[in-house]
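Peer 1: Provided herewith is a single structure, encoded as structure tokens, for subsequent inquiry.
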Amino acid sequence: MKNFLNLGRQPIANAFIKEEDFDDEFFYDLVVGFDEETGLVSLAEFVPPDKIFNENYAYHTSQSFPMVQHFKDIAIQLQAEFNPQRILEIGSNDGTFLKNWPIGSATAIEPCMNFCNVTRAQGYVTYPYFWDFSLAETVANERGLVDLVYAANCICHIQDLDDAFNGVNRILKDDGIFVFEDPSLESMLDRVSYDQIYDEHAHIFSIYALSNLLKKHGLKIFRIQELDAHGGSNRIYATRDRKVEKHFRRPRIAQSVECVIERELSKCLDSMDIMLRFENQVQQSRIQLKEMLQRFEEQGKKVISIGATSKSTTVFNFCRFDSGHMQLVTDTTPDKIGLFTPGTHIPIVDRQDVNLNDYDYAFLGAWNFQKEILKKESEFVGNGGQFITHVPRVGIYENSR
Ligand code: TYD
């Protein structure tokens, strides 16, 4: 693997922190590499998973209304089309997808104990471990094989993908399907959204790379759904090579896999050159955003950020922001309120406790929810407030002009 991007010393992106813990904060070097053989983009140094995924993990899927709808919709779609009788979810968080399935039919894997307790209390059998082949053996022996393995924003967290895919192979029935969704490398490169890169995202997938990796395990992608979720994701449907015919009902579906790979290759996603171009764009993005916020600071303008996101941890630490650049961060998640942003230690407050009209600019920390945020905050815009974004380029968000 060849490294192409260094985002500097970074804390755990989702580890919003208390003041008394500032001195003990964990940092690591966030460096990104490219494997020219498979086309896989991965972190050069992985953070030990138990430093990230533990009982303090702050992201609650159920607290994001759009994601609740997202998981309901996909559950209904999978039930209507494939009618799986037994399912396994890897990375079930607080059960937002799971709750759409009968208790007896579903098994969950969730290493964060806070969430494991939630789904257990709902009655779902939940294994509090990281997904790997040996866990797959245990679950297969204790619970049997499944028709569907589903994982959302989880497979890209797993450092050893070969072991994870071996585990999927172990637990799937012969004609079972594996459906997973993760941030898209193509979207990240198109939008220069380098903030998709943080400790949790051990890999950022292209379909090209995934199809190379899955092939080694006798698995073949038969459908791709391109999603807006998390700033541009792909939902991948795979099954055993020899079972593609069974699931692959509509010719247009197969074509979509080929089309996506063709489009990725036309953008040279299999080449180091494009990664180096991305690196250059990221450095420019940092310079421009920092200059903009420094100018606002000099002009005495007040800046707030909306959404205490993992993504903004990468941006804030890469750009080395402090409370001079940005005075507060608002969030709607109860567990984040009262804490400070990782690394940069900017206070996080409840959106309800802030009058946005006291601020001149609002940075879209949760730019992936920009439509919702702009709609909610129309009064701020009406009063002359402006949104700043860095995606796809640094500037005033055009709809807020
Ligand atoms: P998320 O999209 O999960 O970002 P990441 O994966 O980078 O952590 O998080 C969005 C955050 O934004 C979440 O903490 C809730 C918050 N939020 C707001 O504060 N206001 C809003 O209007 C919306 C939609 C989200």
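Chains: A, B, ... in order of the structure tokens. Residues: from 1 per chain. Ligands: from 1, in order shown.
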Listing only residues of chain A within 10 Å of ligand 1, what is the closest atom pair and its distance in Å (to one decimal) for each, using only C-alpha atoms and all ligand atoms, sorted by chain and residue number ascending, as CSV?
Peer 2:
residue,atom,partner,partner_atom_place_in_ligand_line,distance
A:Ala13,CA,ligand 1,8 (O),7.8
A:Asn14,CA,ligand 1,8 (O),6.5
A:Ala58,CA,ligand 1,14 (O),8.4
A:Tyr59,CA,ligand 1,3 (O),6.5
A:His60,CA,ligand 1,3 (O),8.3
A:Thr61,CA,ligand 1,3 (O),7.7
A:Gln63,CA,ligand 1,15 (C),7.4
A:Ser64,CA,ligand 1,15 (C),6.3
A:Phe65,CA,ligand 1,24 (C),7.8
A:Pro66,CA,ligand 1,24 (C),7.8
A:Met67,CA,ligand 1,3 (O),9.0
A:Asn153,CA,ligand 1,6 (O),9.0
A:Pro183,CA,ligand 1,6 (O),9.9
A:Asp195,CA,ligand 1,7 (O),7.7
A:Gln196,CA,ligand 1,7 (O),7.2
A:Ile197,CA,ligand 1,7 (O),9.5
A:Tyr198,CA,ligand 1,7 (O),9.1
A:Glu200,CA,ligand 1,6 (O),9.5
A:Ala229,CA,ligand 1,2 (O),8.1
A:His230,CA,ligand 1,2 (O),5.6
A:Gly231,CA,ligand 1,2 (O),8.0
A:Ser305,CA,ligand 1,19 (O),9.0
A:Ile306,CA,ligand 1,19 (O),5.5
A:Gly307,CA,ligand 1,12 (O),3.6
A:Ala308,CA,ligand 1,14 (O),5.2
A:Thr309,CA,ligand 1,8 (O),3.7
A:Ser310,CA,ligand 1,7 (O),3.8
A:Lys311,CA,ligand 1,7 (O),3.9
A:Ser312,CA,ligand 1,7 (O),6.7
A:Thr313,CA,ligand 1,7 (O),8.1
A:Thr314,CA,ligand 1,7 (O),9.1
A:Val329,CA,ligand 1,19 (O),8.5
A:Thr330,CA,ligand 1,19 (O),5.7
A:Asp331,CA,ligand 1,19 (O),3.3
A:Thr332,CA,ligand 1,19 (O),4.3
A:Thr333,CA,ligand 1,14 (O),5.3
A:Pro334,CA,ligand 1,14 (O),8.9
A:Asp335,CA,ligand 1,14 (O),9.0
A:Lys336,CA,ligand 1,14 (O),7.3
A:Ile337,CA,ligand 1,14 (O),9.5
A:Ile348,CA,ligand 1,19 (O),9.8
A:Val349,CA,ligand 1,19 (O),9.4
A:Asp350,CA,ligand 1,19 (O),8.1
A:Arg351,CA,ligand 1,19 (O),6.8
A:Leu364,CA,ligand 1,12 (O),9.2
A:Gly365,CA,ligand 1,12 (O),7.2
A:Ala366,CA,ligand 1,12 (O),5.0
A:Trp367,CA,ligand 1,2 (O),7.9
A:Asn368,CA,ligand 1,2 (O),6.1
A:Phe369,CA,ligand 1,24 (C),5.0
A:Gln370,CA,ligand 1,24 (C),7.5
A:Lys371,CA,ligand 1,24 (C),8.4
A:Glu372,CA,ligand 1,24 (C),5.7
A:Ile373,CA,ligand 1,22 (O),4.6
A:Leu374,CA,ligand 1,22 (O),8.3
A:Lys375,CA,ligand 1,22 (O),8.9
A:Lys376,CA,ligand 1,22 (O),6.9
A:Glu377,CA,ligand 1,22 (O),8.5
Peer 1: What's around stretch 300-302 of chain A at 9 Å? Count only C-alpha atoms, leave out sequence neighbours fewer than 5 positions away in its own chain, and write the answer as a PyMOL selection string.
Peer 2: chain A and resi 295+324-327+358-362
Peer 1: Using only C-alpha atoms, determine which residues lie at most 12 Å from A:Val260, disregarding the query and same-chain residues fewer than 4 positions distant; provide the list as a list in words.
Peer 2: Ser184, Leu185, Glu186, Ser187, Ser206, Ile207, Tyr208, Ala209, Leu210, Ser211, Ile221, Phe222, Arg223, Ile224, Gln225, Glu226, Asn234, Ile236, Ile253, Ala254, Gln255, Ser256, Glu264, Leu265, Ser266, Lys267 and Leu269 of chain A
Peer 1: Nearest to A:Gly167: which of A:Val118, A:Ile90, A:Asn100, A:Gln288 is it, counting only C-alpha atoms?
Peer 2: A:Ile90
Peer 1: Might you pull out every residue within 9 Å of A:Glu181, with only C-alpha atoms counted and same-chain residues fewer than 4 positions away left off, and present them as a list in words?
Peer 2: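 Final neighbour list, sorted by chain and number: Tyr150, Ala151, Ala152, Asn153, Cys154, Ile155, Cys156, Gln225, Leu227, Ser233, Asn234, Arg235, Ile236 and Tyr237 of chain A.
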Peer 1: What would the file look like if the residues just selected were written as a short mmCIF file (atom, residue, chain, number, x, y, z; two decimals), in the first residue's frame with N, CA, C and O atoms?
Peer 2:
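part.cif, freshly written:
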data_model
loop_
_atom_site.label_atom_id
_atom_site.label_comp_id
_atom_site.auth_asym_id
_atom_site.auth_seq_id
_atom_site.Cartn_x
_atom_site.Cartn_y
_atom_site.Cartn_z
N TYR A 150 -26.95 -8.30 6.94
CA TYR A 150 -27.07 -6.87 6.64
C TYR A 150 -26.10 -6.11 7.54
O TYR A 150 -25.93 -6.44 8.72
N ALA A 151 -25.49 -5.08 6.98
CA ALA A 151 -24.57 -4.25 7.78
C ALA A 151 -24.58 -2.84 7.19
O ALA A 151 -24.40 -2.67 5.99
N ALA A 152 -24.84 -1.85 8.02
CA ALA A 152 -24.83 -0.46 7.52
C ALA A 152 -23.74 0.31 8.24
O ALA A 152 -23.69 0.33 9.47
N ASN A 153 -22.88 0.92 7.48
CA ASN A 153 -21.78 1.71 8.03
C ASN A 153 -21.00 0.92 9.05
O ASN A 153 -20.74 1.39 10.16
N CYS A 154 -20.66 -0.27 8.69
CA CYS A 154 -19.97 -1.16 9.61
C CYS A 154 -18.84 -1.93 8.93
O CYS A 154 -17.74 -2.02 9.48
N ILE A 155 -19.08 -2.45 7.73
CA ILE A 155 -18.03 -3.26 7.08
C ILE A 155 -16.78 -2.39 6.87
O ILE A 155 -15.65 -2.85 7.07
N CYS A 156 -16.98 -1.11 6.54
CA CYS A 156 -15.80 -0.25 6.32
C CYS A 156 -15.03 0.00 7.63
O CYS A 156 -13.92 0.51 7.61
N GLN A 225 -27.04 0.17 -5.01
CA GLN A 225 -27.95 1.32 -4.90
C GLN A 225 -27.10 2.48 -4.43
O GLN A 225 -26.40 2.37 -3.41
N LEU A 227 -26.78 5.92 -2.66
CA LEU A 227 -27.59 6.56 -1.62
C LEU A 227 -27.01 7.93 -1.27
O LEU A 227 -25.79 8.13 -1.36
N SER A 233 -23.25 7.27 -0.21
CA SER A 233 -22.90 5.89 0.13
C SER A 233 -23.35 4.96 -0.99
O SER A 233 -24.15 5.35 -1.84
N ASN A 234 -22.86 3.75 -0.93
CA ASN A 234 -23.36 2.69 -1.82
C ASN A 234 -23.96 1.58 -0.97
O ASN A 234 -23.39 1.23 0.07
N ARG A 235 -25.10 1.08 -1.42
CA ARG A 235 -25.63 -0.15 -0.81
C ARG A 235 -25.30 -1.27 -1.79
O ARG A 235 -25.67 -1.21 -2.97
N ILE A 236 -24.60 -2.27 -1.28
CA ILE A 236 -24.08 -3.34 -2.13
C ILE A 236 -24.83 -4.62 -1.83
O ILE A 236 -25.01 -4.98 -0.66
N TYR A 237 -25.28 -5.29 -2.86
CA TYR A 237 -25.95 -6.59 -2.71
C TYR A 237 -25.01 -7.63 -3.31
O TYR A 237 -24.65 -7.53 -4.49
#
Peer 1: Could you write out, as a PyMOL selection string, all the residues of stretch 218-313 of chain A that DSSP marks as strand (DSSP E or B)?
Peer 2: chain A and resi 219-227+233-240+303-306
Peer 1: Might you pull out every residue within 12 Å of A:Gln79, with only C-alpha atoms counted and same-chain residues fewer than 5 positions away left off, and present them as a ChimeraX atom specification?
Peer 2: /A:72-74,84-87,100-102,147-148
Peer 1: Going by DSSP on the backbone, which residues of stretch 41-279 of chain A come out as alpha helix (DSSP H)? List them as an NGL selection string.
Peer 2: :A and (49-52 or 65-82 or 113-121 or 133-143 or 161-171 or 185-191 or 207-215 or 244-247 or 251-266 or 272-279)
Peer 1: List the spatial neighbours of stretch 340-347 of chain A as a list in words - criterion: any atom at most 7 Å away, only C-alpha atoms, same-chain residues fewer than 6 positions off excluded.
Peer 2: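 Skipping anything fewer than 6 positions along the chain leaves Gln10, Pro11, Ile12, Ala13, Ala15, Phe16, Ile17, Lys18, Thr313, Phe316, Asn317, Phe321, Asp322, Ser323, Gln327, Leu328 and Val329 of chain A.
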Peer 1: State, in Å with one decimal place, the distance from atom CA of A:Val32 to atom CA of A:Phe278.
Peer 2: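 Interatomic distance, atom CA of A:Val32 to atom CA of A:Phe278: 11.4 Å.
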Peer 1: Find the residues near A:His217: any atom within 8 Å, counting only C-alpha atoms, skip ones fewer than 2 places away on the same chain, and give them as a ChimeraX atom specification.
Peer 2: /A:162,165-166,169,213-215,219
Peer 1: The selected residues should be written to file as a tab-separated table (two decimals), in the first residue's frame (atoms: N, CA, C and O atoms).
Peer 2:
chain	number	residue	atom	x	y	z
A	162	ASP	N	-10.72	-9.65	4.87
A	162	ASP	CA	-10.75	-11.06	4.45
A	162	ASP	C	-11.40	-11.92	5.53
A	162	ASP	O	-12.23	-12.79	5.24
A	165	PHE	N	-15.20	-11.17	5.59
A	165	PHE	CA	-15.93	-11.80	4.48
A	165	PHE	C	-15.95	-13.32	4.63
A	165	PHE	O	-16.93	-13.97	4.26
A	166	ASN	N	-14.89	-13.89	5.18
A	166	ASN	CA	-14.91	-15.32	5.50
A	166	ASN	C	-16.04	-15.63	6.47
A	166	ASN	O	-16.73	-16.65	6.35
A	169	ASN	N	-19.34	-15.56	4.71
A	169	ASN	CA	-19.48	-16.82	3.98
A	169	ASN	C	-19.90	-17.96	4.88
A	169	ASN	O	-20.69	-18.82	4.50
A	213	LEU	N	-12.27	-7.63	-3.90
A	213	LEU	CA	-12.10	-8.29	-2.59
A	213	LEU	C	-13.11	-9.43	-2.41
A	213	LEU	O	-12.77	-10.50	-1.91
A	214	LEU	N	-14.36	-9.17	-2.81
A	214	LEU	CA	-15.41	-10.18	-2.61
A	214	LEU	C	-15.17	-11.41	-3.49
A	214	LEU	O	-15.49	-12.53	-3.10
A	215	LYS	N	-14.61	-11.15	-4.67
A	215	LYS	CA	-14.34	-12.25	-5.62
A	215	LYS	C	-13.48	-13.33	-4.97
A	215	LYS	O	-13.71	-14.52	-5.16
A	219	LEU	N	-17.83	-14.42	-3.66
A	219	LEU	CA	-19.04	-13.58	-3.60
A	219	LEU	C	-19.03	-12.59	-4.76
A	219	LEU	O	-17.98	-12.10	-5.16
Peer 1: To one decimal place, how far is atom CA of A:Tyr124 from atom CA of A:Ala108 in Å?
Peer 2: 6.9 Å
Peer 1: What does the distance from atom CA of A:Leu30 to atom CA of A:Asp190 come to in Å, to one decimal?
Peer 2: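 Going from atom CA of A:Leu30 over to atom CA of A:Asp190 covers 20.8 Å.
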